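Next comes input_16.cif, with mmCIF, C-alpha atoms.
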```
data_work
#
loop_
_atom_site.label_atom_id
_atom_site.label_comp_id
_atom_site.auth_asym_id
_atom_site.auth_seq_id
_atom_site.Cartn_x
_atom_site.Cartn_y
_atom_site.Cartn_z
CA MET A 1 -54.98 -9.74 23.00
CA LYS A 2 -51.31 -10.69 23.03
CA PHE A 3 -50.13 -11.76 26.48
CA GLU A 4 -46.72 -11.09 27.94
CA ALA A 5 -44.86 -14.14 29.14
CA THR A 6 -43.75 -12.78 32.48
CA ALA A 7 -47.09 -11.91 34.12
CA PRO A 8 -50.07 -14.14 34.86
CA ILE A 9 -52.84 -13.87 32.27
CA TYR A 10 -55.50 -13.01 34.89
CA LEU A 11 -53.55 -9.89 35.88
CA GLN A 12 -53.08 -8.80 32.25
CA VAL A 13 -56.79 -9.12 31.52
CA GLY A 14 -57.55 -7.34 34.81
CA ASP A 15 -55.33 -4.46 33.70
CA ALA A 16 -57.14 -4.28 30.36
CA ILE A 17 -60.47 -3.94 32.22
CA LYS A 18 -59.03 -1.28 34.53
CA LYS A 19 -57.85 0.64 31.48
CA ASP A 20 -61.39 0.44 30.06
CA ILE A 21 -62.68 1.95 33.33
CA VAL A 22 -60.10 4.74 33.37
CA THR A 23 -60.68 5.69 29.74
CA GLY A 24 -64.45 5.72 30.26
CA ARG A 25 -65.16 2.83 27.90
CA VAL A 26 -66.71 1.11 30.91
CA LYS A 27 -68.60 3.30 33.41
CA PRO A 28 -68.91 2.91 37.21
CA GLY A 29 -71.99 0.81 37.98
CA GLU A 30 -71.91 -0.82 34.55
CA LYS A 31 -72.42 -4.55 34.16
CA LEU A 32 -69.36 -6.48 33.01
CA PRO A 33 -69.53 -9.52 30.70
CA SER A 34 -70.06 -12.91 32.38
CA ALA A 35 -66.92 -14.93 33.08
CA ARG A 36 -67.76 -17.11 30.09
CA GLU A 37 -68.20 -14.09 27.81
CA LEU A 38 -64.95 -12.67 29.11
CA ALA A 39 -63.22 -15.98 28.31
CA ILE A 40 -64.45 -15.80 24.71
CA GLN A 41 -63.67 -12.09 24.35
CA TYR A 42 -60.04 -12.49 25.42
CA THR A 43 -59.62 -16.13 24.28
CA ILE A 44 -58.73 -17.27 27.77
CA ASN A 45 -59.52 -20.23 29.95
CA PRO A 46 -62.91 -19.86 31.73
CA ASN A 47 -61.30 -20.54 35.12
CA THR A 48 -58.81 -17.76 34.44
CA ALA A 49 -61.71 -15.46 33.52
CA ALA A 50 -63.40 -16.22 36.86
CA ARG A 51 -60.11 -15.45 38.58
CA VAL A 52 -59.94 -12.06 36.82
CA TYR A 53 -63.19 -11.09 38.54
CA ARG A 54 -62.25 -12.57 41.91
CA ASN A 55 -59.09 -10.49 41.83
CA LEU A 56 -60.87 -7.29 40.75
CA GLU A 57 -63.40 -7.87 43.55
CA GLN A 58 -60.59 -8.16 46.10
CA GLU A 59 -59.20 -4.88 44.80
CA GLY A 60 -62.60 -3.29 45.31
CA ILE A 61 -63.06 -2.51 41.62
CA CYS A 62 -66.03 -4.72 40.90
CA ALA A 63 -68.66 -6.61 42.85
CA THR A 64 -70.68 -9.69 42.04
CA ARG A 65 -74.39 -9.60 42.79
CA ARG A 66 -75.75 -13.07 43.32
CA GLY A 67 -77.54 -14.28 40.22
CA MET A 68 -77.14 -10.90 38.53
CA GLY A 69 -73.55 -10.82 37.38
CA THR A 70 -70.50 -8.68 37.97
CA TYR A 71 -70.65 -4.88 38.06
CA VAL A 72 -68.10 -2.10 38.28
CA VAL A 73 -68.58 -0.55 41.74
CA GLU A 74 -70.44 2.74 41.85
CA ASP A 75 -67.80 4.86 43.42
CA SER A 76 -67.03 8.35 42.06
CA LYS A 77 -63.49 8.14 43.42
CA LEU A 78 -62.82 4.79 41.74
CA ILE A 79 -61.64 6.12 38.38
CA GLY A 80 -59.15 8.49 39.99
CA LYS A 81 -57.90 5.76 42.29
CA VAL A 82 -57.42 3.16 39.55
CA ARG A 83 -55.87 5.76 37.24
CA MET A 84 -53.36 6.76 39.91
CA GLU A 85 -52.48 3.14 40.73
CA MET A 86 -51.85 2.34 37.08
CA ALA A 87 -49.74 5.49 36.67
CA GLN A 88 -47.67 4.64 39.74
CA HIS A 89 -47.11 1.17 38.38
CA LEU A 90 -45.92 2.52 35.01
CA VAL A 91 -43.62 5.06 36.65
CA LEU A 92 -42.12 2.42 38.91
CA HIS A 93 -41.46 0.21 35.91
CA PHE A 94 -40.00 3.11 33.88
CA VAL A 95 -37.75 4.37 36.66
CA SER A 96 -36.36 0.94 37.48
CA ASN A 97 -35.57 0.37 33.79
CA MET A 98 -33.87 3.77 33.52
CA LYS A 99 -31.82 3.14 36.67
CA GLU A 100 -30.74 -0.16 35.18
CA LEU A 101 -29.35 1.88 32.28
CA GLY A 102 -27.43 4.00 34.79
CA PHE A 103 -29.52 7.19 34.76
CA SER A 104 -29.79 9.22 37.96
CA GLY A 105 -33.10 10.62 39.24
CA GLU A 106 -32.15 14.07 38.04
CA GLU A 107 -31.20 12.90 34.56
CA ILE A 108 -34.51 11.06 34.32
CA ARG A 109 -36.43 14.20 35.31
CA ASP A 110 -34.53 16.25 32.72
CA LEU A 111 -35.28 13.74 30.00
CA ILE A 112 -38.99 13.79 30.85
CA LYS A 113 -39.06 17.58 30.68
CA GLU A 114 -37.48 17.47 27.22
CA GLU A 115 -40.01 14.88 26.03
CA LYS A 116 -43.29 16.69 25.49
CA MET B 117 -61.91 -37.87 37.33
CA LEU B 118 -59.54 -39.68 34.99
CA GLU B 119 -56.48 -41.33 36.46
CA SER B 120 -53.60 -42.66 34.42
CA ARG B 121 -51.73 -45.09 36.66
CA ASN B 122 -48.32 -46.24 35.57
CA VAL B 123 -49.54 -46.78 32.01
CA SER B 124 -47.16 -48.39 29.53
CA LYS B 125 -47.69 -49.41 25.94
CA SER B 126 -45.38 -51.20 23.58
CA PHE B 127 -45.83 -52.08 19.93
CA TYR B 128 -43.73 -54.98 18.65
CA GLY B 129 -41.18 -54.48 21.41
CA LYS B 130 -40.95 -50.71 20.96
CA THR B 131 -42.01 -48.79 24.08
CA VAL B 132 -44.28 -45.86 23.22
CA LEU B 133 -45.50 -45.05 26.74
CA ASN B 134 -43.40 -45.76 29.77
CA GLY B 135 -45.19 -45.67 33.15
CA VAL B 136 -47.37 -42.63 32.58
CA THR B 137 -49.04 -41.36 35.77
CA PHE B 138 -51.25 -38.30 36.20
CA THR B 139 -54.77 -37.35 37.27
CA LEU B 140 -57.24 -35.17 35.38
CA GLU B 141 -59.87 -33.26 37.35
CA PRO B 142 -63.29 -32.08 36.20
CA GLY B 143 -63.78 -28.39 35.35
CA LYS B 144 -60.36 -28.05 33.77
CA ILE B 145 -58.72 -27.85 30.36
CA TYR B 146 -55.47 -29.75 29.95
CA ALA B 147 -52.83 -29.58 27.25
CA LEU B 148 -50.98 -32.78 26.41
CA LEU B 149 -47.81 -31.48 24.82
CA GLY B 150 -44.90 -33.09 23.09
CA PRO B 151 -43.28 -33.44 19.67
CA ASN B 152 -44.69 -35.88 17.14
CA GLY B 153 -44.04 -39.44 18.23
CA SER B 154 -43.86 -38.71 21.94
CA GLY B 155 -46.92 -40.84 22.82
CA LYS B 156 -49.80 -38.35 22.97
CA THR B 157 -52.08 -40.14 20.52
CA THR B 158 -51.34 -43.54 22.05
CA TRP B 159 -52.34 -42.27 25.51
CA MET B 160 -55.58 -40.81 24.14
CA LYS B 161 -56.46 -44.05 22.36
CA LEU B 162 -55.88 -45.95 25.60
CA ALA B 163 -58.06 -43.50 27.56
CA ALA B 164 -60.76 -43.85 24.87
CA SER B 165 -60.36 -47.65 25.32
CA LEU B 166 -59.61 -48.21 21.66
CA MET B 167 -56.53 -50.13 22.77
CA LYS B 168 -55.40 -51.86 25.95
CA PRO B 169 -52.31 -50.80 27.87
CA SER B 170 -49.41 -53.27 28.08
CA ALA B 171 -49.14 -52.44 31.79
CA GLY B 172 -50.85 -50.11 34.26
CA GLU B 173 -54.42 -48.86 34.00
CA ILE B 174 -56.56 -45.84 33.28
CA LEU B 175 -59.45 -45.30 35.68
CA TYR B 176 -62.53 -43.20 35.03
CA ASN B 177 -64.22 -42.39 38.37
CA GLY B 178 -62.47 -45.39 39.86
CA GLU B 179 -63.50 -47.82 37.12
CA SER B 180 -61.10 -49.20 34.54
CA VAL B 181 -61.86 -47.69 31.11
CA GLY B 182 -63.62 -50.02 28.68
CA VAL B 183 -66.74 -50.34 26.58
CA GLN B 184 -68.94 -48.98 29.38
CA THR B 185 -66.89 -45.80 29.89
CA ARG B 186 -66.91 -44.92 26.18
CA ALA B 187 -70.31 -43.30 26.68
CA ASP B 188 -68.74 -40.61 28.89
CA ILE B 189 -65.43 -40.24 27.08
CA ALA B 190 -65.51 -38.57 23.66
CA TYR B 191 -62.41 -38.95 21.54
CA MET B 192 -61.56 -37.00 18.39
CA SER B 193 -58.80 -38.62 16.36
CA THR B 194 -56.47 -36.85 13.96
CA GLU B 195 -57.63 -38.96 11.03
CA PRO B 196 -60.74 -37.87 9.12
CA PHE B 197 -63.57 -40.13 10.26
CA PHE B 198 -66.55 -39.35 8.04
CA TYR B 199 -67.58 -40.94 4.75
CA SER B 200 -66.83 -38.64 1.84
CA TRP B 201 -70.31 -39.08 0.27
CA MET B 202 -72.06 -37.75 3.39
CA THR B 203 -73.34 -34.22 3.73
CA ILE B 204 -72.70 -32.37 6.98
CA ALA B 205 -76.34 -32.98 7.94
CA ASP B 206 -75.80 -36.73 7.32
CA VAL B 207 -72.82 -36.66 9.66
CA GLY B 208 -75.16 -35.35 12.37
CA LYS B 209 -77.66 -38.18 11.78
CA TYR B 210 -74.88 -40.77 11.68
CA TYR B 211 -73.52 -39.49 14.99
CA ALA B 212 -76.99 -39.37 16.54
CA ASP B 213 -77.42 -43.07 15.65
CA PHE B 214 -74.05 -43.95 17.01
CA PHE B 215 -73.98 -42.01 20.28
CA ASP B 216 -76.87 -41.83 22.76
CA ASP B 217 -75.49 -38.60 24.21
CA PHE B 218 -75.36 -36.80 20.84
CA ASP B 219 -77.31 -33.53 20.97
CA PRO B 220 -78.52 -32.51 17.46
CA ASP B 221 -79.42 -28.99 18.66
CA ARG B 222 -75.94 -28.42 19.97
CA PHE B 223 -74.52 -29.81 16.72
CA ARG B 224 -76.57 -27.29 14.71
CA THR B 225 -75.51 -24.44 17.02
CA LEU B 226 -71.84 -25.35 16.66
CA LEU B 227 -72.18 -25.62 12.87
CA SER B 228 -73.71 -22.17 12.58
CA LYS B 229 -71.14 -20.64 14.94
CA MET B 230 -68.38 -22.11 12.82
CA GLU B 231 -70.14 -21.17 9.57
CA LEU B 232 -70.49 -24.68 8.20
CA PRO B 233 -73.47 -25.10 5.82
CA GLN B 234 -75.30 -28.39 6.45
CA ASN B 235 -75.78 -29.23 2.79
CA LEU B 236 -72.06 -29.41 1.98
CA LYS B 237 -70.60 -32.81 1.14
CA VAL B 238 -67.71 -34.04 3.26
CA ARG B 239 -65.76 -34.66 0.02
CA THR B 240 -65.79 -30.94 -0.85
CA LEU B 241 -64.60 -29.58 2.50
CA SER B 242 -61.32 -27.70 2.88
CA SER B 243 -58.98 -28.96 5.60
CA GLY B 244 -60.10 -26.12 7.90
CA MET B 245 -63.77 -26.98 7.38
CA ALA B 246 -63.11 -30.68 7.93
CA ALA B 247 -61.32 -29.83 11.19
CA LYS B 248 -64.30 -27.74 12.30
CA LEU B 249 -66.75 -30.52 11.43
CA LYS B 250 -64.78 -33.00 13.53
CA ILE B 251 -64.92 -30.57 16.46
CA ALA B 252 -68.66 -29.93 16.03
CA ALA B 253 -69.48 -33.66 15.87
CA THR B 254 -67.33 -34.46 18.89
CA MET B 255 -68.37 -31.51 21.07
CA ALA B 256 -72.06 -32.09 20.29
CA ARG B 257 -71.85 -35.20 22.46
CA LYS B 258 -72.77 -34.62 26.11
CA ALA B 259 -69.69 -36.42 27.33
CA LYS B 260 -67.84 -35.81 30.58
CA ILE B 261 -64.37 -36.11 29.11
CA TYR B 262 -63.33 -34.82 25.70
CA LEU B 263 -60.02 -35.99 24.26
CA LEU B 264 -59.15 -33.86 21.24
CA ASP B 265 -56.11 -35.03 19.31
CA GLU B 266 -54.41 -32.12 17.51
CA PRO B 267 -57.55 -29.95 17.15
CA PHE B 268 -55.57 -27.10 15.54
CA ASN B 269 -53.67 -29.08 12.95
CA GLY B 270 -53.48 -27.57 9.47
CA ILE B 271 -56.10 -24.83 9.82
CA ASP B 272 -56.23 -21.11 9.19
CA LEU B 273 -56.50 -18.34 11.77
CA ILE B 274 -60.26 -17.88 11.53
CA ALA B 275 -60.98 -21.60 11.89
CA ARG B 276 -58.62 -21.66 14.84
CA ASP B 277 -60.52 -18.88 16.62
CA GLN B 278 -63.84 -20.61 15.93
CA ILE B 279 -62.56 -23.93 17.25
CA THR B 280 -61.07 -22.20 20.30
CA GLU B 281 -64.43 -20.61 21.08
CA SER B 282 -66.22 -23.98 20.81
CA ILE B 283 -63.70 -25.45 23.21
CA ILE B 284 -63.98 -22.60 25.73
CA THR B 285 -67.78 -22.70 25.72
CA SER B 286 -67.82 -26.48 26.22
CA LEU B 287 -66.12 -26.35 29.60
CA SER B 288 -68.37 -26.77 32.63
CA PRO B 289 -67.64 -27.79 36.23
CA GLU B 290 -68.25 -31.49 35.49
CA VAL B 291 -66.38 -31.62 32.19
CA THR B 292 -62.69 -32.31 31.52
CA LEU B 293 -61.03 -31.34 28.25
CA VAL B 294 -57.70 -32.67 27.01
CA LEU B 295 -56.11 -31.10 23.95
CA SER B 296 -53.02 -32.61 22.43
CA SER B 297 -50.68 -30.53 20.35
CA HIS B 298 -47.14 -30.34 19.09
CA LEU B 299 -47.61 -26.56 18.87
CA VAL B 300 -48.05 -24.47 21.98
CA GLU B 301 -48.96 -20.93 20.96
CA GLU B 302 -52.62 -21.65 20.29
CA LEU B 303 -53.05 -23.39 23.64
CA GLU B 304 -51.16 -20.93 25.81
CA SER B 305 -54.08 -18.87 27.04
CA ILE B 306 -56.87 -21.45 27.04
CA VAL B 307 -55.58 -24.31 29.20
CA ASP B 308 -55.32 -24.63 32.99
CA THR B 309 -52.59 -27.20 33.16
CA SER B 310 -50.02 -28.57 30.79
CA ILE B 311 -48.67 -32.11 30.75
CA PHE B 312 -45.35 -32.46 28.94
CA ILE B 313 -44.56 -35.85 27.46
CA LYS B 314 -41.22 -36.84 25.99
CA ASP B 315 -40.34 -40.24 24.52
CA GLY B 316 -43.24 -41.84 26.38
CA ASN B 317 -42.40 -40.31 29.77
CA ILE B 318 -44.12 -37.50 31.63
CA VAL B 319 -41.41 -34.91 32.16
CA SER B 320 -43.39 -32.05 33.69
CA ILE B 321 -46.91 -31.10 34.75
CA CYS B 322 -47.52 -27.42 35.36
CA ASP B 323 -50.25 -24.90 35.93
CA ILE B 324 -49.98 -22.16 33.29
CA GLU B 325 -50.58 -19.24 35.66
CA ASP B 326 -48.24 -20.67 38.33
CA LEU B 327 -45.56 -21.01 35.67
CA ARG B 328 -45.84 -17.30 34.87
CA THR B 329 -46.00 -16.29 38.54
CA THR B 330 -43.21 -18.42 39.95
CA GLU B 331 -40.86 -18.86 36.99
CA GLY B 332 -41.83 -15.86 34.87
CA LYS B 333 -42.14 -18.16 31.88
CA SER B 334 -44.69 -18.64 29.17
CA LEU B 335 -45.76 -22.10 28.08
CA ALA B 336 -43.79 -21.67 24.86
CA GLU B 337 -40.61 -20.91 26.81
CA LYS B 338 -41.13 -23.94 29.04
CA TYR B 339 -41.69 -26.07 25.94
CA ARG B 340 -38.40 -24.92 24.42
CA GLU B 341 -36.61 -25.56 27.70
CA ILE B 342 -37.89 -29.13 27.82
CA TYR B 343 -37.52 -30.17 24.19
CA PHE B 344 -34.54 -28.29 22.85
CA ALA B 345 -31.27 -29.10 24.57
CA ASN B 346 -29.84 -25.58 24.22
CA GLY B 347 -33.05 -23.60 24.42
CA GLY B 348 -34.41 -21.68 27.38
CA ASN B 349 -31.11 -21.34 29.21
CA GLU B 350 -29.99 -18.05 27.73
CA LYS B 351 -31.06 -16.00 30.71
#
```

Produce structure tokens that represent the structure in this file.
Amino acid sequence: MKFEATAPIYLQVGDAIKKDIVTGRVKPGEKLPSARELAIQYTINPNTAARVYRNLEQEGICATRRGMGTYVVEDSKLIGKVRMEMAQHLVLHFVSNMKELGFSGEEIRDLIKEEK
Amino acid sequence: MLESRNVSKSFYGKTVLNGVTFTLEPGKIYALLGPNGSGKTTWMKLAASLMKPSAGEILYNGESVGVQTRADIAYMSTEPFFYSWMTIADVGKYYADFFDDFDPDRFRTLLSKMELPQNLKVRTLSSGMAAKLKIAATMARKAKIYLLDEPFNGIDLIARDQITESIITSLSPEVTLVLSSHLVEELESIVDTSIFIKDGNIVSICDIEDLRTTEGKSLAEKYREIYFANGGNEK
């Protein structure tokens, strides 16, 4: 995975995992790789990998069961929630970039309608 | 814990290290960064107690480094250090004789992970294979501190990934890893903290994730800012 310079690596890996959940590649209730496996998979520092899970736990996306590992929480609303959060984040980013280019809200809406 | 306290080293009147102070904690991977000739290798050789500092001291768990600390501090130099007539299996035996903490099982595991056949002669190895063998022999020691001088020098992409994996899997809460490099890209995602050295002086010590959070900079950008007079200030 290629990391962007401007965001912490733990957040970028966290986003990749969220995307896996939204697209169904990882299911609610499924066991996630250990922090060490995650470090190898993404070629990241093992402490950063542990931080990825700590952060996802705080966001209520996964939970660590003592001695068992880390699991995606079994919540039917989770996928919708994560999907919406990621969409909002993308829209926010898109709109602020467009406004920087001088587009008004209406112009942005028109452009989106044209783009199918 | 490894503490470098005001360490200086001169060779024939030329100062190579000039009052270098920093502390390395267990459970972390450090990058020691700087262009060639900035003093990285000299510091590692001092920490491995292969040389004595001209001033200052390096302490391992409060004790000055010396013959007795060598058992806990594994150092991998940039020079090839195996006899050319040896096979890879011989290198394992040679290391087992030399170091009490050498774990032959771990050596074999590392060799197979890095796809190094044991019957090959050192003489016939490509530079990538030789680099992997050095890593396997060094990381097969059950040391507490690993000092790896330029582990990614002159190797291809696949060897680099294999070496990176061996490094990542070697970290544990009681182990400290120090990787020196004059290149930053391959270290960017795998280290906790970076120590920048320039002309024998420590110019910056920073946590990689903090750097991204607070300054919005990658390690490569920080490197350019420090070492190239006109770089990094475009924004």

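Closest to Lys156 in chain B among B:Val238, B:Lys125, B:Met117, B:Lys168 is B:Lys125, based on only C-alpha atoms.
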
* Asked: So which residues touch Thr23 in chain A within 12 Å, counting only C-alpha atoms, skipping near sequence neighbours fewer than 5 positions away, as a PyMOL selection string?
  -> chain A and resi 16-18+28+79-80+82-83+86

* Asked: For chain A against chain B, which residues fall within 10 Å using all atoms listed in the file, given as number ranges by chain?
  -> A: 2-11, 36-37, 39-48

* Evaluating the PyMOL selection byres ((chain B and resi 275) around 9) on the displayed file yields which residues, as an MDAnalysis selection string? -> chainID B and resid 230 244:245 247:248 268 271:274 276:280

Can you write just those residues out, C-alpha atoms, as a PDB file, in the frame of the given file?
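In the end it all went to again_33.pdb:
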```pdb
ATOM      1  CA  MET B 230     -68.380 -22.110  12.820  1.00  0.00           C
ATOM      2  CA  GLY B 244     -60.100 -26.120   7.900  1.00  0.00           C
ATOM      3  CA  MET B 245     -63.770 -26.980   7.380  1.00  0.00           C
ATOM      4  CA  ALA B 247     -61.320 -29.830  11.190  1.00  0.00           C
ATOM      5  CA  LYS B 248     -64.300 -27.740  12.300  1.00  0.00           C
ATOM      6  CA  PHE B 268     -55.570 -27.100  15.540  1.00  0.00           C
ATOM      7  CA  ILE B 271     -56.100 -24.830   9.820  1.00  0.00           C
ATOM      8  CA  ASP B 272     -56.230 -21.110   9.190  1.00  0.00           C
ATOM      9  CA  LEU B 273     -56.500 -18.340  11.770  1.00  0.00           C
ATOM     10  CA  ILE B 274     -60.260 -17.880  11.530  1.00  0.00           C
ATOM     11  CA  ARG B 276     -58.620 -21.660  14.840  1.00  0.00           C
ATOM     12  CA  ASP B 277     -60.520 -18.880  16.620  1.00  0.00           C
ATOM     13  CA  GLN B 278     -63.840 -20.610  15.930  1.00  0.00           C
ATOM     14  CA  ILE B 279     -62.560 -23.930  17.250  1.00  0.00           C
ATOM     15  CA  THR B 280     -61.070 -22.200  20.300  1.00  0.00           C
TER      16      THR B 280
END
```

* To do: Grab the CA of Ser228 in chain B to CA of Ser297 in chain B distance for me, in Å with one decimal place.
  =>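 Computing it gives 25.7 Å between the two atoms.
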
* Please evaluate the PyMOL selection byres ((chain B and resi 309-317) around 8) against the displayed coordinates and give the resulting residues as a count of residues only. => 29

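Selection check: the PyMOL selection byres ((chain B and resi 252-262) around 6) on the shown file gives Asp188, Ile189, Ala190, Tyr191, Asp217, Phe218, Asp219, Arg222, Phe223, Leu226, Leu249, Lys250, Ile251, Leu263, Val291, Thr292 and Leu293 of chain B.
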
Some atoms are absent from range 300-324 of chain B, so rebuild N, CA and C atoms and return them as a PDB file, keeping the file's coordinate frame.
```pdb
ATOM      1  N   VAL B 300     -47.563 -24.959  20.699  1.00  0.00           N
ATOM      2  CA  VAL B 300     -48.050 -24.470  21.980  1.00  0.00           C
ATOM      3  C   VAL B 300     -48.778 -23.127  21.920  1.00  0.00           C
ATOM      4  N   GLU B 301     -48.436 -22.303  20.961  1.00  0.00           N
ATOM      5  CA  GLU B 301     -48.960 -20.930  20.960  1.00  0.00           C
ATOM      6  C   GLU B 301     -50.480 -20.875  21.048  1.00  0.00           C
ATOM      7  N   GLU B 302     -51.164 -21.753  20.298  1.00  0.00           N
ATOM      8  CA  GLU B 302     -52.620 -21.650  20.290  1.00  0.00           C
ATOM      9  C   GLU B 302     -53.273 -22.164  21.572  1.00  0.00           C
ATOM     10  N   LEU B 303     -52.477 -22.842  22.404  1.00  0.00           N
ATOM     11  CA  LEU B 303     -53.050 -23.390  23.640  1.00  0.00           C
ATOM     12  C   LEU B 303     -52.735 -22.520  24.853  1.00  0.00           C
ATOM     13  N   GLU B 304     -51.712 -21.717  24.704  1.00  0.00           N
ATOM     14  CA  GLU B 304     -51.160 -20.930  25.810  1.00  0.00           C
ATOM     15  C   GLU B 304     -52.206 -20.318  26.746  1.00  0.00           C
ATOM     16  N   SER B 305     -53.174 -19.610  26.172  1.00  0.00           N
ATOM     17  CA  SER B 305     -54.080 -18.870  27.040  1.00  0.00           C
ATOM     18  C   SER B 305     -55.342 -19.642  27.417  1.00  0.00           C
ATOM     19  N   ILE B 306     -55.573 -20.797  26.792  1.00  0.00           N
ATOM     20  CA  ILE B 306     -56.870 -21.450  27.040  1.00  0.00           C
ATOM     21  C   ILE B 306     -56.816 -22.671  27.953  1.00  0.00           C
ATOM     22  N   VAL B 307     -55.619 -23.128  28.328  1.00  0.00           N
ATOM     23  CA  VAL B 307     -55.580 -24.310  29.200  1.00  0.00           C
ATOM     24  C   VAL B 307     -55.245 -23.939  30.643  1.00  0.00           C
ATOM     25  N   ASP B 308     -55.667 -24.806  31.578  1.00  0.00           N
ATOM     26  CA  ASP B 308     -55.320 -24.630  32.990  1.00  0.00           C
ATOM     27  C   ASP B 308     -53.940 -25.200  33.258  1.00  0.00           C
ATOM     28  N   THR B 309     -53.761 -26.430  32.784  1.00  0.00           N
ATOM     29  CA  THR B 309     -52.590 -27.200  33.160  1.00  0.00           C
ATOM     30  C   THR B 309     -51.991 -27.861  31.926  1.00  0.00           C
ATOM     31  N   SER B 310     -50.684 -27.948  31.914  1.00  0.00           N
ATOM     32  CA  SER B 310     -50.020 -28.570  30.790  1.00  0.00           C
ATOM     33  C   SER B 310     -49.240 -29.795  31.233  1.00  0.00           C
ATOM     34  N   ILE B 311     -49.386 -30.871  30.473  1.00  0.00           N
ATOM     35  CA  ILE B 311     -48.670 -32.110  30.750  1.00  0.00           C
ATOM     36  C   ILE B 311     -47.661 -32.304  29.621  1.00  0.00           C
ATOM     37  N   PHE B 312     -46.391 -32.321  29.965  1.00  0.00           N
ATOM     38  CA  PHE B 312     -45.350 -32.460  28.940  1.00  0.00           C
ATOM     39  C   PHE B 312     -44.911 -33.919  28.863  1.00  0.00           C
ATOM     40  N   ILE B 313     -44.930 -34.456  27.655  1.00  0.00           N
ATOM     41  CA  ILE B 313     -44.560 -35.850  27.460  1.00  0.00           C
ATOM     42  C   ILE B 313     -43.393 -35.916  26.478  1.00  0.00           C
ATOM     43  N   LYS B 314     -42.420 -36.737  26.827  1.00  0.00           N
ATOM     44  CA  LYS B 314     -41.220 -36.840  25.990  1.00  0.00           C
ATOM     45  C   LYS B 314     -40.803 -38.302  25.931  1.00  0.00           C
ATOM     46  N   ASP B 315     -40.725 -38.826  24.732  1.00  0.00           N
ATOM     47  CA  ASP B 315     -40.340 -40.240  24.520  1.00  0.00           C
ATOM     48  C   ASP B 315     -41.121 -41.182  25.443  1.00  0.00           C
ATOM     49  N   GLY B 316     -42.407 -40.943  25.592  1.00  0.00           N
ATOM     50  CA  GLY B 316     -43.240 -41.840  26.380  1.00  0.00           C
ATOM     51  C   GLY B 316     -43.199 -41.629  27.877  1.00  0.00           C
ATOM     52  N   ASN B 317     -42.465 -40.611  28.332  1.00  0.00           N
ATOM     53  CA  ASN B 317     -42.400 -40.310  29.770  1.00  0.00           C
ATOM     54  C   ASN B 317     -42.984 -38.935  30.063  1.00  0.00           C
ATOM     55  N   ILE B 318     -43.649 -38.819  31.213  1.00  0.00           N
ATOM     56  CA  ILE B 318     -44.120 -37.500  31.630  1.00  0.00           C
ATOM     57  C   ILE B 318     -42.923 -36.759  32.227  1.00  0.00           C
ATOM     58  N   VAL B 319     -42.583 -35.616  31.653  1.00  0.00           N
ATOM     59  CA  VAL B 319     -41.410 -34.910  32.160  1.00  0.00           C
ATOM     60  C   VAL B 319     -41.783 -33.705  33.026  1.00  0.00           C
ATOM     61  N   SER B 320     -42.986 -33.174  32.855  1.00  0.00           N
ATOM     62  CA  SER B 320     -43.390 -32.050  33.690  1.00  0.00           C
ATOM     63  C   SER B 320     -44.901 -31.870  33.609  1.00  0.00           C
ATOM     64  N   ILE B 321     -45.499 -31.455  34.727  1.00  0.00           N
ATOM     65  CA  ILE B 321     -46.910 -31.100  34.750  1.00  0.00           C
ATOM     66  C   ILE B 321     -46.989 -29.738  35.407  1.00  0.00           C
ATOM     67  N   CYS B 322     -47.472 -28.731  34.704  1.00  0.00           N
ATOM     68  CA  CYS B 322     -47.520 -27.420  35.360  1.00  0.00           C
ATOM     69  C   CYS B 322     -48.751 -26.601  35.037  1.00  0.00           C
ATOM     70  N   ASP B 323     -49.147 -25.839  36.043  1.00  0.00           N
ATOM     71  CA  ASP B 323     -50.250 -24.900  35.930  1.00  0.00           C
ATOM     72  C   ASP B 323     -49.728 -23.671  35.189  1.00  0.00           C
ATOM     73  N   ILE B 324     -50.460 -23.238  34.163  1.00  0.00           N
ATOM     74  CA  ILE B 324     -49.980 -22.160  33.290  1.00  0.00           C
ATOM     75  C   ILE B 324     -49.764 -20.858  34.067  1.00  0.00           C
TER      76      ILE B 324
END
```
